[in-house]
Amino acid sequence: MVNKVTWQKAGRVTEPGRYMFRYGWLTITAEDLAIWRQFPAASFTLVKLPSTPDAPEEFHLGAFEIPASPTVDEH
């Protein structure tokens with residue numbers, strides 16, 4: 001199963017950094033935020049980083065999807 005995260009689910013963070021997320025630590029870059037600012041409904045794939053057994057899980061954002069805009073019916 002692939003976990004996805006939206007800007008809303010990430011708490012609409014405004015600065016790059018490392019944030020506690022429900023799955024573990026999530027690192028968000030300035031580039032990730034730029035995509036969310038341009039496409040607020042975009043969702044990113046969570047990518048798990050290798051970790052030690054005693055450490056909390058670490059993630060970063062991978063590929064993103066932009067939802068298709070609703071089509072406008074022109075009559």
# chains A, B, ... in the order shown; residues from 1 in each chain; ligands from 1
>>> residues_around(residues="Thr14 in chain A", least_positions_apart="6", cutoff="10 Å", atoms="only C-alpha atoms", output="ChimeraX atom specification")
/A:7,28,30,33-34,36-37
>>> select_by_dssp(residues="range 27-75 of chain A", states="strand (DSSP E or B)", output="ChimeraX atom specification")
/A:27-28,43-49,58-65
>>> write_last_selection(atoms="N, CA and C atoms", output="PDB file, in the first residue's frame")
ATOM      1  N   THR A  27      10.314  14.900   6.536  1.00  0.00           N
ATOM      2  CA  THR A  27      11.142  16.023   6.102  1.00  0.00           C
ATOM      3  C   THR A  27      10.499  16.646   4.874  1.00  0.00           C
ATOM      4  N   ILE A  28      10.272  17.955   4.956  1.00  0.00           N
ATOM      5  CA  ILE A  28       9.648  18.703   3.860  1.00  0.00           C
ATOM      6  C   ILE A  28      10.654  19.740   3.375  1.00  0.00           C
ATOM      7  N   SER A  43      -0.932  15.706  -3.977  1.00  0.00           N
ATOM      8  CA  SER A  43      -0.599  14.717  -2.947  1.00  0.00           C
ATOM      9  C   SER A  43       0.742  14.083  -3.299  1.00  0.00           C
ATOM     10  N   PHE A  44       1.570  13.900  -2.272  1.00  0.00           N
ATOM     11  CA  PHE A  44       2.899  13.306  -2.433  1.00  0.00           C
ATOM     12  C   PHE A  44       2.896  11.885  -1.900  1.00  0.00           C
ATOM     13  N   THR A  45       3.707  11.042  -2.500  1.00  0.00           N
ATOM     14  CA  THR A  45       3.956   9.708  -1.983  1.00  0.00           C
ATOM     15  C   THR A  45       4.957   9.818  -0.839  1.00  0.00           C
ATOM     16  N   LEU A  46       4.653   9.152   0.282  1.00  0.00           N
ATOM     17  CA  LEU A  46       5.603   9.107   1.391  1.00  0.00           C
ATOM     18  C   LEU A  46       6.666   8.057   1.083  1.00  0.00           C
ATOM     19  N   VAL A  47       7.924   8.431   1.195  1.00  0.00           N
ATOM     20  CA  VAL A  47       9.036   7.519   0.946  1.00  0.00           C
ATOM     21  C   VAL A  47       9.741   7.282   2.278  1.00  0.00           C
ATOM     22  N   LYS A  48       9.773   6.034   2.700  1.00  0.00           N
ATOM     23  CA  LYS A  48      10.410   5.677   3.971  1.00  0.00           C
ATOM     24  C   LYS A  48      11.914   5.582   3.782  1.00  0.00           C
ATOM     25  N   LEU A  49      12.639   6.230   4.694  1.00  0.00           N
ATOM     26  CA  LEU A  49      14.095   6.177   4.671  1.00  0.00           C
ATOM     27  C   LEU A  49      14.567   5.022   5.545  1.00  0.00           C
ATOM     28  N   GLU A  58      11.429   7.490   9.500  1.00  0.00           N
ATOM     29  CA  GLU A  58      11.732   8.757   8.830  1.00  0.00           C
ATOM     30  C   GLU A  58      11.206   8.680   7.408  1.00  0.00           C
ATOM     31  N   PHE A  59      10.596   9.771   6.949  1.00  0.00           N
ATOM     32  CA  PHE A  59      10.032   9.829   5.604  1.00  0.00           C
ATOM     33  C   PHE A  59      10.418  11.139   4.934  1.00  0.00           C
ATOM     34  N   HIS A  60      10.398  11.107   3.609  1.00  0.00           N
ATOM     35  CA  HIS A  60      10.448  12.339   2.836  1.00  0.00           C
ATOM     36  C   HIS A  60       9.387  12.212   1.759  1.00  0.00           C
ATOM     37  N   LEU A  61       9.132  13.296   1.052  1.00  0.00           N
ATOM     38  CA  LEU A  61       8.095  13.291   0.032  1.00  0.00           C
ATOM     39  C   LEU A  61       8.698  12.886  -1.302  1.00  0.00           C
ATOM     40  N   GLY A  62       8.008  11.980  -1.986  1.00  0.00           N
ATOM     41  CA  GLY A  62       8.478  11.494  -3.278  1.00  0.00           C
ATOM     42  C   GLY A  62       7.682  12.112  -4.414  1.00  0.00           C
ATOM     43  N   ALA A  63       7.249  11.276  -5.328  1.00  0.00           N
ATOM     44  CA  ALA A  63       6.491  11.735  -6.489  1.00  0.00           C
ATOM     45  C   ALA A  63       5.177  12.357  -6.038  1.00  0.00           C
ATOM     46  N   PHE A  64       4.700  13.300  -6.826  1.00  0.00           N
ATOM     47  CA  PHE A  64       3.437  13.937  -6.480  1.00  0.00           C
ATOM     48  C   PHE A  64       2.444  13.821  -7.618  1.00  0.00           C
ATOM     49  N   GLU A  65       1.170  13.928  -7.245  1.00  0.00           N
ATOM     50  CA  GLU A  65       0.066  13.900  -8.208  1.00  0.00           C
ATOM     51  C   GLU A  65      -0.746  15.168  -8.032  1.00  0.00           C
TER      52      GLU A  65
END
>>> select_by_dssp(residues="chain A", states="helix (DSSP H, G or I)", output="list in words")
Ala30, Glu31, Asp32, Leu33, Ala34, Ile35, Trp36, Arg37 and Gln38 of chain A
